[in-house]
Amino acid sequence: MFHNPLDNRSLYNIYDFTMRTLQPYSDYYANLAKRFRRISNTLDMPVNVPYLSEKEKDIYNRFLAMTASESRRMAGYCYIIHMLTNIYDKPAFNITEVKIGDEYVDVIEEIVDRKSFCNLIHFKKMNDKANHMPKMLLVAPMSGHHATLLKDTVINLLPFYDVYITDWNDARDVPLIEGSFDLDDFIEYMISYFQKLGPDFNVMAVCQPTVPVLAALALMSTANDQRVPHTAILLGGPIDTSQSPTKVNELATSRGDDWFQQNVISIVPTRFPGAMRLVYPGFMQLAGFLSMNIQRHIESLTKAVNDYADNNRRSALKTVNFYLEYFSTMDLTAEFYMQTINTVFQEQLLTKGRFKSRGHNVRLQDIRNTAILAIEGERDDITGVGQTRSVLGFCNNLPDSMKKYFLAEGVGHYGLFNGSKFRKIIIPEIQSFTEQHRQPAAGKSSAKPVKNIKKDA
């Protein structure tokens with residue numbers, strides 16, 4: 001392998017310096033967008049010019065409308081430049097209320113468990129009746145975006161469930177003294193959350209965490225710990241990546257560990273709390289996400305500008321809000337990223353029955369008391385069709401009555417947990433499944449805890 005003349009471990013510092021240099025220009029374009037928007041708002045005001053014929057008034061009004069439209073278009077392009085050059089902080093959920101039936105209920109966020117790399121957040125409804133809904137643990141992916149990418153998921157689950165979510169911390173903000181974090185640590189976190197919320201709860205894993213959630217379920221089932229969830233809903237997860245491989249799968253398997261270490265691992269700059277930590281930086285992940293479908297992203301942003309120019313502000317704002325969240329990425333620890341690449345994509349240890357966590361065998365066949373719903377999107381270009389469904393075959397000691405597969409037609413990866421199709425198609429499937437398996441399965445009685453799997457000193 002040829003030596004890379006650019007030491008990518010210093011690339012984070014170069015990127016950080018460049019973005020801070022561009023920040024004044026980014027702010028300038030944000031202000032410029034605001035100015036054009038104000039001009040368009042002024043031109044949109046009704047104007048009545050005396051002594052003009054009706055035809056002349058019509059020509060004048062059309063001229064004003066065209067000028068207003070072009071001003072909005074300029075505002076849109078200026079704001080896109082601002083978005084592309086801006087430095088993003090971690091977004092907030094800002095979920096303050098939920099509509100249940102005809103009633104609005106206040107919601108507050110409370111942290112019920114704090115760990116070095118994750119906070120377990122409970123969206124507590126300020127209504128006693130609402131808080132007795134079935135518990136749902138929503139496991140957000142640790143694959144580049146903050147847990148707030150699932151904000152729409154939380155909002156749509158709240159009318160039916162008492163929702164908890166894993167809010168992962170950005171690796172750049174975790175001091176080195178807090179130690180490392182890898183896939184085994186992820187599994188330990190899941191076991192601790194299951195034990196905290198169990199046994200009367202459900203778990204939903206979106207994409208990447210389907211593997212550690214299954215591993216946690218298997219380890220607890222092997223140890224006969226009865227605090228496992230009633231149901232596990234797995235959405236678009238890379239469980240068997242040999243099925244319908246996508247560009248993501250092909251990239252992970254076409255390169256060796258040395259290539260990833262040399263090209264995508266960098267060091268956190270000294271101005272962050274996690275200075276000197278080895279990470280897979282968020283900006284590299286964003287570049288990867290964009291490069292897979294660059295034409296589609298260009299078309300989407302261009303459409304947003306055109307919608308705004310045509311005064312279709314609602315559609316434009318929806319697209320812009322999505323990209324504001326999409327551009328907000330977080331760093332992953334190098335050890336977590338490398339172990340995930342090796343275990344899930346390259347070696348496929350889980351499906352081959354050779355996956356071990358802290359020396360304990362992960363046996364999917366031991367899962368007997370948790371019903372599993374596997375959901376895939378027909379147009380998913382990140383996790384191919386069949387990769388999630390495969391888990392139903394590997395859990396061969398789970399009764400068929402406790403397994404279900406659902407293919408969401410016309411749905412892509414993000415549509416599995418966001419948007420109208422998630423609300424209208426997928427939520428009803430989840431509701432029906434969790435209601436059907438809400439009662440504890442036979443033999444799921446006395447709690448026998450699994451021993452904590454501790455990292456070797």
# chains A, B, ... in the order shown; residues from 1 in each chain; ligands from 1

$ residues_around --residues "segment 331-348 of chain A" --least-positions-apart "2" --cutoff "6 Å" --atoms "only C-alpha atoms" --output "PDB file with N, CA and C atoms, in the first residue's frame"
ATOM      1  N   ASP A 170     -21.302  13.229  21.513  1.00  0.00           N
ATOM      2  CA  ASP A 170     -20.275  13.403  20.485  1.00  0.00           C
ATOM      3  C   ASP A 170     -18.919  13.021  21.073  1.00  0.00           C
ATOM      4  N   ALA A 171     -18.206  12.132  20.405  1.00  0.00           N
ATOM      5  CA  ALA A 171     -16.920  11.643  20.933  1.00  0.00           C
ATOM      6  C   ALA A 171     -15.925  12.778  21.165  1.00  0.00           C
ATOM      7  N   ASP A 182     -16.401   1.065  22.491  1.00  0.00           N
ATOM      8  CA  ASP A 182     -16.448   0.228  21.299  1.00  0.00           C
ATOM      9  C   ASP A 182     -17.790  -0.490  21.209  1.00  0.00           C
ATOM     10  N   LEU A 183     -17.902  -1.427  20.292  1.00  0.00           N
ATOM     11  CA  LEU A 183     -19.165  -2.134  20.085  1.00  0.00           C
ATOM     12  C   LEU A 183     -19.569  -2.923  21.323  1.00  0.00           C
ATOM     13  N   THR A 253     -16.412  -3.600   2.687  1.00  0.00           N
ATOM     14  CA  THR A 253     -15.758  -4.885   2.415  1.00  0.00           C
ATOM     15  C   THR A 253     -14.654  -4.794   1.372  1.00  0.00           C
ATOM     16  N   LEU A 278      -8.827   9.556  19.218  1.00  0.00           N
ATOM     17  CA  LEU A 278      -8.919   9.078  17.841  1.00  0.00           C
ATOM     18  C   LEU A 278     -10.389   8.860  17.481  1.00  0.00           C
ATOM     19  N   VAL A 279     -10.819   9.481  16.377  1.00  0.00           N
ATOM     20  CA  VAL A 279     -12.223   9.407  15.998  1.00  0.00           C
ATOM     21  C   VAL A 279     -12.376   9.238  14.485  1.00  0.00           C
ATOM     22  N   TYR A 280     -13.561   8.815  14.115  1.00  0.00           N
ATOM     23  CA  TYR A 280     -14.016   8.913  12.725  1.00  0.00           C
ATOM     24  C   TYR A 280     -14.851  10.186  12.694  1.00  0.00           C
ATOM     25  N   PRO A 281     -14.313  11.292  12.154  1.00  0.00           N
ATOM     26  CA  PRO A 281     -14.963  12.596  12.293  1.00  0.00           C
ATOM     27  C   PRO A 281     -16.305  12.689  11.575  1.00  0.00           C
ATOM     28  N   GLY A 282     -17.176  13.514  12.143  1.00  0.00           N
ATOM     29  CA  GLY A 282     -18.493  13.704  11.566  1.00  0.00           C
ATOM     30  C   GLY A 282     -18.450  14.287  10.168  1.00  0.00           C
ATOM     31  N   LEU A 350     -22.029 -12.062  13.470  1.00  0.00           N
ATOM     32  CA  LEU A 350     -23.319 -12.350  14.101  1.00  0.00           C
ATOM     33  C   LEU A 350     -24.065 -13.436  13.345  1.00  0.00           C
ATOM     34  N   THR A 351     -24.144 -13.314  12.033  1.00  0.00           N
ATOM     35  CA  THR A 351     -24.915 -14.268  11.242  1.00  0.00           C
ATOM     36  C   THR A 351     -24.188 -15.606  11.086  1.00  0.00           C
TER      37      THR A 351
END

$ residues_around --residues "Arg389 of chain A" --least-positions-apart "3" --cutoff "8 Å" --atoms "only C-alpha atoms" --output "list in words"
Ala374, Ile375, Glu376, Val385, Gly386, Leu392, Gly393 and Tyr405 of chain A

$ write_last_selection --atoms "C-alpha atoms" --output "PDB file, in the first residue's frame"
ATOM      1  CA  ALA A 374     -38.395  -6.739  11.104  1.00  0.00           C
ATOM      2  CA  ILE A 375     -39.255  -3.754   8.904  1.00  0.00           C
ATOM      3  CA  GLU A 376     -37.514  -2.898   5.642  1.00  0.00           C
ATOM      4  CA  VAL A 385     -33.822  -5.634   1.327  1.00  0.00           C
ATOM      5  CA  GLY A 386     -33.325  -8.930   3.153  1.00  0.00           C
ATOM      6  CA  LEU A 392     -36.142 -14.106  11.737  1.00  0.00           C
ATOM      7  CA  GLY A 393     -34.366 -17.177  10.384  1.00  0.00           C
ATOM      8  CA  TYR A 405     -41.789  -9.190   8.586  1.00  0.00           C
TER       9      TYR A 405
END

$ closest_residue --among "A:Ala92, A:Met330, A:Met190, A:Val305" --to "Ala215 of chain A" --atoms "only C-alpha atoms"
A:Met190

$ closest_residue --among "A:Ser180, A:Asn48, A:Asn202, A:Ser300" --to "Pro134 of chain A" --atoms "only C-alpha atoms"
A:Asn202

$ residues_around --residues "Met220 of chain A" --least-positions-apart "2" --cutoff "12 Å" --atoms "only C-alpha atoms" --output "JSON, numbers by chain"
{"A": [187, 188, 190, 191, 192, 193, 194, 195, 198, 199, 213, 214, 215, 216, 217, 218, 222, 223, 224, 225, 226, 227, 228, 229, 360, 361, 362, 363, 364, 366, 367, 368, 369, 370, 447, 448, 449, 450, 451, 452, 453]}

$ write_last_selection --atoms "N, CA and C atoms" --output "CSV table (one decimal), in the first residue's frame"
chain,number,residue,atom,x,y,z
A,187,ILE,N,-23.1,-2.7,23.6
A,187,ILE,CA,-23.9,-3.8,24.0
A,187,ILE,C,-24.1,-3.7,25.5
A,188,GLU,N,-23.1,-3.4,26.3
A,188,GLU,CA,-23.3,-3.2,27.7
A,188,GLU,C,-24.3,-2.1,28.1
A,190,MET,N,-26.8,-1.3,26.3
A,190,MET,CA,-28.1,-1.8,26.0
A,190,MET,C,-28.6,-2.7,27.1
A,191,ILE,N,-27.7,-3.6,27.6
A,191,ILE,CA,-28.1,-4.5,28.7
A,191,ILE,C,-28.5,-3.7,29.9
A,192,SER,N,-27.8,-2.6,30.2
A,192,SER,CA,-28.1,-1.8,31.4
A,192,SER,C,-29.4,-1.1,31.2
A,193,TYR,N,-29.7,-0.6,30.0
A,193,TYR,CA,-31.0,0.1,29.8
A,193,TYR,C,-32.2,-0.9,29.8
A,194,PHE,N,-32.0,-2.1,29.3
A,194,PHE,CA,-33.0,-3.2,29.3
A,194,PHE,C,-33.3,-3.5,30.8
A,195,GLN,N,-32.3,-3.6,31.6
A,195,GLN,CA,-32.5,-4.0,33.0
A,195,GLN,C,-33.2,-2.9,33.8
A,198,GLY,N,-36.9,-2.8,32.1
A,198,GLY,CA,-37.6,-4.1,32.0
A,198,GLY,C,-38.3,-4.5,33.3
A,199,PRO,N,-39.2,-5.5,33.1
A,199,PRO,CA,-39.4,-6.3,31.9
A,199,PRO,C,-40.6,-5.8,31.0
A,213,VAL,N,-28.4,-4.3,19.7
A,213,VAL,CA,-29.6,-4.6,20.4
A,213,VAL,C,-29.9,-6.1,20.4
A,214,LEU,N,-29.7,-6.8,19.3
A,214,LEU,CA,-29.9,-8.2,19.2
A,214,LEU,C,-28.9,-8.9,20.0
A,215,ALA,N,-27.6,-8.4,20.1
A,215,ALA,CA,-26.6,-9.1,20.9
A,215,ALA,C,-26.9,-9.0,22.4
A,216,ALA,N,-27.5,-7.8,22.8
A,216,ALA,CA,-27.9,-7.6,24.2
A,216,ALA,C,-29.0,-8.6,24.5
A,217,LEU,N,-30.0,-8.7,23.6
A,217,LEU,CA,-31.1,-9.6,23.8
A,217,LEU,C,-30.6,-11.0,23.9
A,218,ALA,N,-29.7,-11.4,23.1
A,218,ALA,CA,-29.2,-12.8,23.1
A,218,ALA,C,-28.4,-13.1,24.4
A,222,THR,N,-29.6,-15.9,27.0
A,222,THR,CA,-28.7,-17.0,27.4
A,222,THR,C,-28.6,-17.1,28.9
A,223,ALA,N,-28.5,-15.9,29.6
A,223,ALA,CA,-28.4,-15.9,31.0
A,223,ALA,C,-29.7,-16.0,31.7
A,224,ASN,N,-30.8,-16.2,31.0
A,224,ASN,CA,-32.1,-16.3,31.5
A,224,ASN,C,-32.5,-15.1,32.3
A,225,ASP,N,-32.1,-13.9,31.9
A,225,ASP,CA,-32.5,-12.6,32.5
A,225,ASP,C,-33.9,-12.3,32.0
A,226,GLN,N,-34.9,-12.2,32.8
A,226,GLN,CA,-36.3,-12.0,32.4
A,226,GLN,C,-36.7,-10.6,32.1
A,227,ARG,N,-35.7,-9.7,32.2
A,227,ARG,CA,-36.0,-8.3,32.0
A,227,ARG,C,-35.8,-7.8,30.5
A,228,VAL,N,-35.9,-8.8,29.6
A,228,VAL,CA,-35.9,-8.5,28.2
A,228,VAL,C,-37.2,-7.9,27.8
A,229,PRO,N,-37.2,-7.1,26.7
A,229,PRO,CA,-38.5,-6.5,26.2
A,229,PRO,C,-39.5,-7.4,25.7
A,360,HIS,N,-18.2,-13.6,25.8
A,360,HIS,CA,-19.5,-14.4,25.9
A,360,HIS,C,-20.0,-14.6,24.5
A,361,ASN,N,-20.4,-15.8,24.2
A,361,ASN,CA,-21.0,-16.1,22.9
A,361,ASN,C,-22.4,-15.4,22.7
A,362,VAL,N,-22.6,-14.8,21.6
A,362,VAL,CA,-23.9,-14.2,21.2
A,362,VAL,C,-24.7,-15.2,20.4
A,363,ARG,N,-25.7,-15.8,21.1
A,363,ARG,CA,-26.5,-16.9,20.5
A,363,ARG,C,-27.9,-16.4,20.2
A,364,LEU,N,-28.1,-16.1,18.9
A,364,LEU,CA,-29.5,-15.6,18.6
A,364,LEU,C,-30.5,-16.7,18.8
A,366,ASP,N,-31.0,-18.4,21.3
A,366,ASP,CA,-31.4,-18.4,22.7
A,366,ASP,C,-32.6,-17.4,22.9
A,367,ILE,N,-32.9,-16.5,21.9
A,367,ILE,CA,-33.9,-15.5,22.1
A,367,ILE,C,-35.3,-16.3,22.0
A,368,ARG,N,-36.0,-16.3,23.1
A,368,ARG,CA,-37.3,-17.1,23.1
A,368,ARG,C,-38.5,-16.2,23.6
A,369,ASN,N,-38.2,-15.2,24.3
A,369,ASN,CA,-39.3,-14.5,25.0
A,369,ASN,C,-39.6,-13.1,24.4
A,370,THR,N,-38.9,-12.7,23.4
A,370,THR,CA,-39.0,-11.3,22.8
A,370,THR,C,-39.5,-11.5,21.4
A,447,ALA,N,-37.6,-12.6,37.9
A,447,ALA,CA,-36.4,-11.9,37.2
A,447,ALA,C,-35.2,-12.5,37.7
A,448,LYS,N,-34.4,-13.0,36.8
A,448,LYS,CA,-33.0,-13.5,37.2
A,448,LYS,C,-32.0,-12.7,36.4
A,449,PRO,N,-31.4,-11.7,37.0
A,449,PRO,CA,-30.5,-10.8,36.2
A,449,PRO,C,-29.3,-11.4,35.6
A,450,VAL,N,-28.9,-10.9,34.5
A,450,VAL,CA,-27.7,-11.3,33.8
A,450,VAL,C,-26.5,-10.6,34.5
A,451,LYS,N,-25.5,-11.3,34.7
A,451,LYS,CA,-24.3,-10.7,35.4
A,451,LYS,C,-23.7,-9.6,34.4
A,452,ASN,N,-23.4,-8.5,35.0
A,452,ASN,CA,-22.8,-7.4,34.2
A,452,ASN,C,-21.5,-7.9,33.6
A,453,ILE,N,-21.4,-7.6,32.3
A,453,ILE,CA,-20.2,-8.0,31.5
A,453,ILE,C,-19.3,-6.8,31.6

$ residues_around --residues "Pro428 of chain A" --least-positions-apart "6" --cutoff "12 Å" --atoms "only C-alpha atoms" --output "list in words"
Asn156, Leu157, Phe160, Phe406, Ala408, Lys421, Phe422, Thr434 and Glu435 of chain A

$ closest_residue --among "A:Lys57, A:Arg354, A:Lys318, A:Arg20" --to "Asn86 of chain A" --atoms "only C-alpha atoms"
A:Arg20

$ select_by_dssp --residues "segment 51-142 of chain A" --states "strand (DSSP E or B)" --output "number ranges by chain"
A: 97-100, 103-115, 118-125, 135-139

$ residues_around --residues "Thr246 of chain A" --least-positions-apart "3" --cutoff "12 Å" --atoms "only C-alpha atoms" --output "PyMOL selection string"
chain A and resi 238+240-243+249-253+292+345+379-387+413

$ write_last_selection --atoms "N, CA and C atoms" --output "short mmCIF file (atom, residue, chain, number, x, y, z; two decimals), in the first residue's frame"
data_model
loop_
_atom_site.label_atom_id
_atom_site.label_comp_id
_atom_site.auth_asym_id
_atom_site.auth_seq_id
_atom_site.Cartn_x
_atom_site.Cartn_y
_atom_site.Cartn_z
N PRO A 238 -28.43 -3.50 9.38
CA PRO A 238 -27.47 -4.33 8.63
C PRO A 238 -27.11 -5.61 9.37
N ASP A 240 -27.59 -9.06 8.22
CA ASP A 240 -26.89 -9.97 7.29
C ASP A 240 -26.53 -9.17 6.04
N THR A 241 -25.33 -8.61 6.03
CA THR A 241 -24.94 -7.69 4.96
C THR A 241 -24.58 -8.41 3.66
N SER A 242 -24.66 -9.74 3.66
CA SER A 242 -24.44 -10.47 2.40
C SER A 242 -25.68 -10.43 1.52
N GLN A 243 -26.82 -10.04 2.11
CA GLN A 243 -28.07 -9.94 1.36
C GLN A 243 -28.17 -8.56 0.70
N ASN A 249 -22.19 -1.28 2.06
CA ASN A 249 -21.61 -2.60 2.30
C ASN A 249 -20.36 -2.83 1.45
N GLU A 250 -20.44 -2.41 0.19
CA GLU A 250 -19.32 -2.64 -0.73
C GLU A 250 -18.09 -1.86 -0.31
N LEU A 251 -18.28 -0.62 0.17
CA LEU A 251 -17.15 0.17 0.64
C LEU A 251 -16.49 -0.49 1.85
N ALA A 252 -17.32 -0.99 2.78
CA ALA A 252 -16.80 -1.59 4.01
C ALA A 252 -16.01 -2.87 3.73
N THR A 253 -16.41 -3.60 2.69
CA THR A 253 -15.76 -4.89 2.41
C THR A 253 -14.65 -4.79 1.37
N MET A 292 -22.74 9.52 -1.83
CA MET A 292 -23.49 8.36 -2.31
C MET A 292 -24.65 8.78 -3.21
N PHE A 345 -19.70 -5.88 8.95
CA PHE A 345 -19.64 -5.84 7.48
C PHE A 345 -18.60 -6.80 6.89
N ARG A 379 -37.17 0.78 -1.09
CA ARG A 379 -36.19 1.59 -1.82
C ARG A 379 -34.99 1.96 -0.95
N ASP A 380 -34.73 1.19 0.06
CA ASP A 380 -33.62 1.48 0.97
C ASP A 380 -32.29 1.28 0.24
N ASP A 381 -31.52 2.36 0.12
CA ASP A 381 -30.23 2.26 -0.57
C ASP A 381 -29.05 2.22 0.40
N ILE A 382 -29.34 2.12 1.70
CA ILE A 382 -28.29 2.02 2.71
C ILE A 382 -28.26 0.61 3.29
N THR A 383 -29.42 0.08 3.61
CA THR A 383 -29.53 -1.30 4.09
C THR A 383 -30.43 -2.06 3.12
N GLY A 384 -29.84 -2.96 2.37
CA GLY A 384 -30.58 -3.65 1.32
C GLY A 384 -31.70 -4.54 1.83
N VAL A 385 -32.70 -4.77 0.98
CA VAL A 385 -33.82 -5.63 1.33
C VAL A 385 -33.32 -7.05 1.62
N GLY A 386 -33.73 -7.59 2.74
CA GLY A 386 -33.32 -8.93 3.15
C GLY A 386 -32.33 -8.92 4.30
N GLN A 387 -31.60 -7.82 4.48
CA GLN A 387 -30.58 -7.77 5.53
C GLN A 387 -31.20 -7.80 6.93
N HIS A 413 -34.62 4.64 3.00
CA HIS A 413 -34.06 4.42 4.34
C HIS A 413 -34.62 5.41 5.35
#

$ closest_residue --among "A:Tyr326, A:Trp259, A:Phe272, A:Phe433" --to "Asn13 of chain A" --atoms "only C-alpha atoms"
A:Phe272

$ atom_distance --atom1 "atom CA of Val391 of chain A" --atom2 "atom CA of Leu219 of chain A"
15.5 Å

$ atom_distance --atom1 "atom CA of Leu349 of chain A" --atom2 "atom CA of Asp257 of chain A"
16.1 Å

$ residues_around --residues "Ala140 of chain A" --least-positions-apart "5" --cutoff "10 Å" --atoms "only C-alpha atoms" --output "CSV table (one decimal) with C-alpha atoms, in the first residue's frame"
chain,number,residue,atom,x,y,z
A,145,HIS,CA,-25.9,11.8,13.2
A,146,HIS,CA,-27.2,12.9,16.5
A,147,ALA,CA,-30.2,11.2,18.1
A,148,THR,CA,-32.2,14.3,17.1
A,149,LEU,CA,-32.4,12.9,13.6
A,150,LEU,CA,-35.2,10.8,15.2
A,165,ILE,CA,-34.3,7.5,23.6
A,166,THR,CA,-30.5,6.9,23.7
A,167,ASP,CA,-29.0,10.3,23.2
A,168,TRP,CA,-25.4,9.6,22.2
A,204,MET,CA,-37.1,-0.1,18.6
A,205,ALA,CA,-33.7,0.0,16.9
A,206,VAL,CA,-33.1,2.1,13.8
A,207,CYS,CA,-30.4,0.9,11.4
A,208,GLN,CA,-26.9,0.5,13.0
A,209,PRO,CA,-28.1,-0.5,16.6
A,210,THR,CA,-30.1,-3.5,15.4

$ residues_around --residues "Asn8 of chain A" --least-positions-apart "5" --cutoff "10 Å" --atoms "only C-alpha atoms" --output "mmCIF file with N, CA and C atoms, in the first residue's frame"
data_model
loop_
_atom_site.group_PDB
_atom_site.id
_atom_site.type_symbol
_atom_site.label_atom_id
_atom_site.label_comp_id
_atom_site.auth_asym_id
_atom_site.auth_seq_id
_atom_site.Cartn_x
_atom_site.Cartn_y
_atom_site.Cartn_z
ATOM 1 N N ASN A 13 -7.744 18.913 12.300
ATOM 2 C CA ASN A 13 -7.271 20.261 12.626
ATOM 3 C C ASN A 13 -7.369 21.188 11.416
ATOM 4 N N ILE A 14 -7.010 20.673 10.243
ATOM 5 C CA ILE A 14 -7.095 21.476 9.021
ATOM 6 C C ILE A 14 -8.546 21.846 8.729
ATOM 7 N N GLN A 261 -7.858 2.889 8.749
ATOM 8 C CA GLN A 261 -7.032 3.558 9.760
ATOM 9 C C GLN A 261 -6.303 4.749 9.161
ATOM 10 N N GLN A 262 -5.825 4.608 7.941
ATOM 11 C CA GLN A 262 -5.012 5.647 7.323
ATOM 12 C C GLN A 262 -5.848 6.780 6.745
ATOM 13 N N ASN A 263 -7.061 6.466 6.258
ATOM 14 C CA ASN A 263 -7.813 7.448 5.491
ATOM 15 C C ASN A 263 -8.981 8.102 6.219
ATOM 16 N N VAL A 264 -9.549 7.464 7.218
ATOM 17 C CA VAL A 264 -10.748 8.053 7.836
ATOM 18 C C VAL A 264 -10.612 8.322 9.328
ATOM 19 N N ILE A 265 -9.546 7.883 9.940
ATOM 20 C CA ILE A 265 -9.361 8.108 11.371
ATOM 21 C C ILE A 265 -8.512 9.357 11.580
ATOM 22 N N SER A 266 -8.973 10.231 12.480
ATOM 23 C CA SER A 266 -8.259 11.474 12.739
ATOM 24 C C SER A 266 -8.235 11.763 14.240
ATOM 25 N N ILE A 267 -7.566 12.851 14.625
ATOM 26 C CA ILE A 267 -7.406 13.216 16.034
ATOM 27 C C ILE A 267 -8.220 14.464 16.336
#

$ closest_residue --among "A:Phe123, A:Ile298, A:Phe417, A:Asp102" --to "Pro141 of chain A" --atoms "only C-alpha atoms"
A:Phe417

$ decode --residues "segment 12-31 of chain A" --atoms "N, CA and C atoms" --output "short mmCIF file (atom, residue, chain, number, x, y, z; two decimals), in the first residue's frame"
data_model
loop_
_atom_site.label_atom_id
_atom_site.label_comp_id
_atom_site.auth_asym_id
_atom_site.auth_seq_id
_atom_site.Cartn_x
_atom_site.Cartn_y
_atom_site.Cartn_z
N TYR A 12 -8.38 16.65 10.77
CA TYR A 12 -9.41 17.27 11.60
C TYR A 12 -9.01 18.71 11.95
N ASN A 13 -7.74 18.91 12.30
CA ASN A 13 -7.27 20.26 12.63
C ASN A 13 -7.37 21.19 11.42
N ILE A 14 -7.01 20.67 10.24
CA ILE A 14 -7.09 21.48 9.02
C ILE A 14 -8.55 21.85 8.73
N TYR A 15 -9.43 20.87 8.84
CA TYR A 15 -10.85 21.11 8.59
C TYR A 15 -11.40 22.13 9.59
N ASP A 16 -11.08 21.95 10.87
CA ASP A 16 -11.60 22.84 11.90
C ASP A 16 -11.13 24.27 11.68
N PHE A 17 -9.85 24.44 11.33
CA PHE A 17 -9.31 25.77 11.07
C PHE A 17 -9.99 26.40 9.86
N THR A 18 -10.20 25.61 8.80
CA THR A 18 -10.84 26.11 7.59
C THR A 18 -12.27 26.57 7.86
N MET A 19 -13.03 25.76 8.59
CA MET A 19 -14.43 26.09 8.86
C MET A 19 -14.54 27.33 9.75
N ARG A 20 -13.65 27.47 10.72
CA ARG A 20 -13.68 28.68 11.56
C ARG A 20 -13.29 29.91 10.75
N THR A 21 -12.41 29.74 9.77
CA THR A 21 -12.05 30.85 8.89
C THR A 21 -13.23 31.27 8.02
N LEU A 22 -14.01 30.27 7.57
CA LEU A 22 -15.16 30.56 6.71
C LEU A 22 -16.38 31.06 7.47
N GLN A 23 -16.37 30.94 8.79
CA GLN A 23 -17.57 31.27 9.56
C GLN A 23 -18.06 32.71 9.34
N PRO A 24 -17.18 33.74 9.30
CA PRO A 24 -17.68 35.10 9.03
C PRO A 24 -18.38 35.21 7.67
N TYR A 25 -17.87 34.51 6.67
CA TYR A 25 -18.49 34.53 5.34
C TYR A 25 -19.84 33.81 5.37
N SER A 26 -19.88 32.73 6.15
CA SER A 26 -21.15 32.00 6.31
C SER A 26 -22.20 32.90 6.96
N ASP A 27 -21.80 33.62 7.98
CA ASP A 27 -22.73 34.55 8.65
C ASP A 27 -23.16 35.67 7.70
N TYR A 28 -22.23 36.11 6.85
CA TYR A 28 -22.56 37.16 5.89
C TYR A 28 -23.65 36.69 4.93
N TYR A 29 -23.52 35.46 4.44
CA TYR A 29 -24.54 34.95 3.51
C TYR A 29 -25.87 34.73 4.22
N ALA A 30 -25.83 34.40 5.50
CA ALA A 30 -27.08 34.28 6.26
C ALA A 30 -27.78 35.63 6.35
N ASN A 31 -27.00 36.69 6.61
CA ASN A 31 -27.57 38.04 6.67
C ASN A 31 -28.05 38.51 5.30
#
